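> Shown below is the structure under consideration.
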Amino acid sequence: MRLNPLRLFLAKVVLVALLTPAGAMAGPGTSRPETPIQEVIRQKARWDSEVNVDGIVIVAKGGQLSIARGTRVVFSVRDDDGDGIGDSELRIEGSLEVTGTGENPVIFTSAAAAPGPADWKYIMINHADGATVRNAVVEYAYSGIQVHYTRGTFSGLRARHNVDGFRFSTAPVTLEDSQLTRNVNGIRFEERGAGAVIRGNHVAGNKIGVFAVIKCRGLTVFEGNLFENNLDYNVKMGQRQSGDIPMKDNWWGHADPAAVEDTFFDGRMEPELGKVVFEPFLTERPHLAQTP
């Protein structure tokens, strides 16, 4: 019997917490091992073929990293701080350009023989010069791609077997024509005053399709997406997400409005939360380029 990798990851986190002695937790005067910096890219660099990341690779301000189609970026499995989350990562402060094709994508993956969610940390794009990612597979990470305070365009992305497939906060990004499947959260976001565009994506088979954590007030456009077969909810509001979120013109896996409402954890269940404003909605399942 094949075990669900999401359940295995969640069980691992609980087990670490239970087995870690109280005195082993970091506190005042206590330092944890630091993950080594493998490389700092300060100018133009190009990756192709296969690249191994063991630790942290940083693209510094002014640096430019381009990754050619068909490249495999393989992250070593290391947990230096003992928190159950892998510590190898790619950190973007300069610019990133990923140019895969549908037949020959760029692949970001785990080095483990039997990979699972959170084997490596993330592609972190934070206060960066910009990012363009076309046709990439991102798998077995904690947050596949995480974006903050950066403009970016992401298309043809296949994010799978991660904790968060695509995560953003205070980032005017566009995510389109992508598949987010078999993650804990397909999309996790906090607007914090910056809107985004989420268009034409297939969000399916995750625990949560979209997790609207906090400070989302309707600036993000969700349109033409397919949300279906997400195990708990298509959309979940965070505990302090009190504003409504417009999400019209999407497919929710049902043609009946009452059945669609049952796929939301929002003000319909907890009165202090905002609601998903989903009508009018697509009543027939559309065909998308990235739909299997």
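Residues are referred to by chain and number: the chain letter is A, B, ... according to the order shown in the structure tokens, the number counts from 1 in that chain, and ligands are numbered separately from 1 in the order shown.
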Set the distance at 6 Å and use only C-alpha atoms: which residues neighbour Ser66 (chain A) once local chain neighbours fewer than 5 positions away are removed? I'd like the list as a short mmCIF file (atom, residue, chain, number, x, y, z; two decimals) with C-alpha atoms, in the first residue's frame.

data_model
loop_
_atom_site.label_atom_id
_atom_site.label_comp_id
_atom_site.auth_asym_id
_atom_site.auth_seq_id
_atom_site.Cartn_x
_atom_site.Cartn_y
_atom_site.Cartn_z
CA ARG A 46 23.46 30.33 -16.31
CA LEU A 96 15.58 34.90 -11.85
CA GLU A 97 14.62 33.70 -15.33
CA VAL A 98 13.50 30.11 -15.83
#
> Please identify all polymer residues within 9 Å of Gly62 (chain A), counting only C-alpha atoms, omitting same-chain residues fewer than 2 positions from it, and present them as a ChimeraX atom specification.
/A:42-44,59-60,64,93-95,129
> Please identify all polymer residues within 8 Å of Asp177 (chain A), counting only C-alpha atoms, omitting same-chain residues fewer than 4 positions from it, and present them as a PyMOL selection string.
chain A and resi 155-157+199-202+288-290
> From region 57-158 of chain A, collect each residue whose DSSP state is strand (DSSP E or B) and return the set as a PyMOL selection string.
chain A and resi 57-59+64-68+72-75+89-92+95-99+106-110+120-126+130-139+141-148+152-158
> Which distance in Å separates CA of Ile214 (chain A) and CA of Thr181 (chain A), to one decimal?
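The value is 22.8 Å.
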> Got a sec: who's within 12 Å of Tyr122 (chain A), counting only C-alpha atoms, leaving out chain neighbours fewer than 6 positions off, as a PyMOL selection string?
chain A and resi 53+55-57+73-75+85-92+108-110+138-147+159+162-167
> State, in Å with one decimal place, the distance from CA of Val203 (chain A) to CA of Thr153 (chain A).
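Between CA of Val203 (chain A) and CA of Thr153 (chain A) the gap is 17.7 Å.
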> Between CA of Arg240 (chain A) and CA of Leu282 (chain A), what is the spacing in Å?
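These atoms are spaced 28.7 Å apart.
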> Could you give me, as a ChimeraX atom specification, the residues within 9 Å of Glu228 (chain A), counting only C-alpha atoms and dropping anything in the same chain fewer than 5 positions from it?
/A:202-205,209,234,251-254
> Region 111-262 of chain A: which residues are helix (DSSP H, G or I) by DSSP, as a list of chain:residue names?
A:Pro257, A:Ala258, A:Ala259, A:Val260, A:Glu261
> Considering only C-alpha atoms, can you say which of A:Met247, A:Leu231, A:Leu273, A:Met237 comes closest to Gly218 (chain A)?
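Once distances to Gly218 (chain A) are computed over only C-alpha atoms, the minimum belongs to A:Met247.
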> Using only C-alpha atoms, find the one residue out of A:Asp48, A:Glu190, A:Asp244, A:Asp119 that sits nearest to Arg78 (chain A).
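When distances to Arg78 (chain A) are compared using only C-alpha atoms, the smallest one comes from A:Asp119.
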> Using only C-alpha atoms, can you tell me which of A:Thr71, A:Ala258, A:Pro36, A:Ala131 comes closest to Asn52 (chain A)?
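Between A:Thr71, A:Ala258, A:Pro36, A:Ala131, the residue approaching Asn52 (chain A) most closely is A:Thr71.
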